[in-house]
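Participant: Below you'll find the structure I mean.
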Amino acid sequence: MIKIKLIPLCFILFAGIINGQSSSFDQLKFLSGKWTGNGEGFGNNKSVINSSFEFIMGGTYLEIKNESQFESTKNNPKGEHHIDKGFISFDTSRKVLVFRQFNIEGYINQYVLNTQKSNDSTLVFETETIENFIPGGKARWTIKKISEDQIETIFDVFFPNKGYSCFGTNYLKKVTQ
């Protein structure tokens with residue numbers, strides 16, 4: 001008799017976990033798809049960027065891929081090719097979205113969504129740890145939804161005793177769902 005009562009309880013708890021996970025990603029659903037656009041900043045370089053946001057593993061993670069090709073400059077005649085990849089997950093114990101990002105330059109950032117600074121059209125992720133960066137340094141990645149098929153991303157870096165400064169901004173248009 002106890003087993004029979006436990007089965008519905010387990011089902012209800014499991015369903016709650018699944019629904020909690022999917023609803024935690026609701027504010028990110030507009031990102032799903034492939035995006036392309038241009039960037040500026042990042043050492044006064046102009047860039048072409050291709051990005052993708054894809055829900056994977058049954059919607060457990062949002063996989064993010066960014067690839068930027070920077071124009072050549074006097075100081076960098078070959079230009080630069082930047083790649084970063086990452087995953088957003090939902091930390092159920094803290095009830096927060098966590099973004100883990102891996103950069104070709106060797107930086108590994110772990111951001112959390114700042115819910116106080118975020119809303120339906122703006123997502124603000126702030127680092128809680130950065131590997132291979134200066135002590136006391138921080139980063140902030142902001143996504144602004146301009147329309148259903150346009151976003152702006154802003155990357156700010158914090159240096160001790162200097163505060164945050166904008167390192168670059170990307171303007172992207174959705175090319176596929």
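If you're wondering about the labels, chains in the structure tokens are A, B, ... by order shown, residues count from 1 in each chain, ligands from 1 in order shown.
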As JSON, numbers by chain, please: all residues of stretch 28-141 of chain A that backbone DSSP puts in helix (DSSP H, G or I).
Facilitator: {"A": [28, 29, 30, 31]}
Participant: Those residues with C-alpha atoms, as a PDB file, in the first residue's frame please?
Facilitator:
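Written out: result07.pdb:
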```
ATOM      1  CA  LEU A  28      15.871  32.833 -22.814  1.00  0.00           C
ATOM      2  CA  LYS A  29      13.617  31.218 -25.446  1.00  0.00           C
ATOM      3  CA  PHE A  30      13.761  34.240 -27.770  1.00  0.00           C
ATOM      4  CA  LEU A  31      17.503  33.583 -28.196  1.00  0.00           C
TER       5      LEU A  31
END
```
Participant: Hey, what's within 10 Å of stretch 49-57 of chain A if we count only C-alpha atoms and toss same-chain stuff fewer than 6 positions away? As a PyMOL selection string, please?
Facilitator: chain A and resi 25+28-39+63-70+81-88+170-177
Participant: Report, in Å with one decimal, the straight-line distance from atom CA of A:Asn45 to atom CA of A:Ile143.
Facilitator: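 If I compute the distance from atom CA of A:Asn45 to atom CA of A:Ile143, I get 20.2 Å.
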Participant: So how many Å separate atom CA of A:Leu62 and atom CA of A:Phe99, to one decimal?
Facilitator: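 About the pair atom CA of A:Leu62 and atom CA of A:Phe99: they are 8.9 Å apart.
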Participant: Under the rule that only C-alpha atoms are counted, which of A:Thr127, A:Ser47, A:Ser165, A:Asn75 is the nearest residue to A:Arg100?
Facilitator: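 Closest residue, counting only C-alpha atoms: A:Thr127.
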Participant: From stretch 30-170 of chain A, collect each residue whose DSSP state is strand (DSSP E or B) and return the set as JSON, numbers by chain.
Facilitator: {"A": [33, 34, 35, 36, 37, 38, 39, 40, 41, 45, 46, 47, 48, 49, 50, 51, 52, 53, 54, 55, 56, 61, 62, 63, 64, 65, 66, 67, 68, 69, 70, 80, 81, 82, 83, 84, 85, 86, 87, 88, 89, 90, 91, 96, 97, 98, 99, 100, 101, 102, 103, 108, 109, 110, 111, 112, 113, 122, 123, 124, 125, 126, 127, 128, 129, 130, 131, 138, 139, 140, 141, 142, 143, 144, 145, 146, 147, 150, 151, 152, 153, 154, 155, 156, 157, 158, 159, 163, 164, 165, 166, 167, 168, 169, 170]}
Participant: Could you name the residues that touch A:Glu40 at 6 Å or less, counting only C-alpha atoms, but leaving out those on the same chain fewer than 4 positions away, as a short mmCIF file (atom, residue, chain, number, x, y, z; two decimals) with N, CA and C atoms, in the first residue's frame?
Facilitator:
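Printed below is result34.cif as written:
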```cif
data_model
loop_
_atom_site.label_atom_id
_atom_site.label_comp_id
_atom_site.auth_asym_id
_atom_site.auth_seq_id
_atom_site.Cartn_x
_atom_site.Cartn_y
_atom_site.Cartn_z
N ASN A 45 38.43 47.56 -32.89
CA ASN A 45 38.27 46.74 -34.08
C ASN A 45 36.81 46.61 -34.45
N LYS A 46 36.57 46.44 -35.72
CA LYS A 46 35.24 46.08 -36.22
C LYS A 46 35.27 44.57 -36.44
N GLY A 168 33.17 45.91 -25.74
CA GLY A 168 32.63 45.75 -27.08
C GLY A 168 31.14 45.53 -27.08
N THR A 169 30.57 45.84 -28.24
CA THR A 169 29.13 45.69 -28.44
C THR A 169 28.91 44.98 -29.77
#
```
Participant: What separation in Å, quoted to one decimal, exists between atom CA of A:Ser121 and atom CA of A:Ile146?
Facilitator: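 Calculated distance between atom CA of A:Ser121 and atom CA of A:Ile146 is 7.4 Å.
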Participant: Out of A:Pro77, A:Asn161, A:Ile154, A:Asn103, which residue has the shortest atom-to-atom distance to A:Gly41 when counting only C-alpha atoms?
Facilitator: A:Ile154
Participant: Would you mind listing what lies within 8 Å of stretch 89-98 of chain A as a PyMOL selection string, with only C-alpha atoms counted and same-chain residues fewer than 5 positions away left out?
Facilitator: chain A and resi 21+24-25+60-62+110-113
Participant: Determine, counting only C-alpha atoms, which protein, DNA and RNA residues have an atom within 12 Å of an atom of A:Lys74; residues of the same chain fewer than 4 positions away are not included. Present the result as a PyMOL selection string.
Facilitator: chain A and resi 43-45+78-79
Participant: Would you output that residue set with C-alpha atoms, as a PDB file, in the first residue's frame?
Facilitator:
```pdb
ATOM      1  CA  GLY A  43      40.375  47.330 -29.092  1.00  0.00           C
ATOM      2  CA  ASN A  44      38.683  49.636 -31.665  1.00  0.00           C
ATOM      3  CA  ASN A  45      38.275  46.738 -34.082  1.00  0.00           C
ATOM      4  CA  LYS A  78      46.314  39.974 -39.461  1.00  0.00           C
ATOM      5  CA  GLY A  79      43.144  40.743 -37.563  1.00  0.00           C
TER       6      GLY A  79
END
```
Participant: Which polymer residues have any atom within 7 Å of an atom of A:Ile108, counting only C-alpha atoms, with same-chain residues fewer than 5 positions away left out, as a count of residues only?
Facilitator: 5
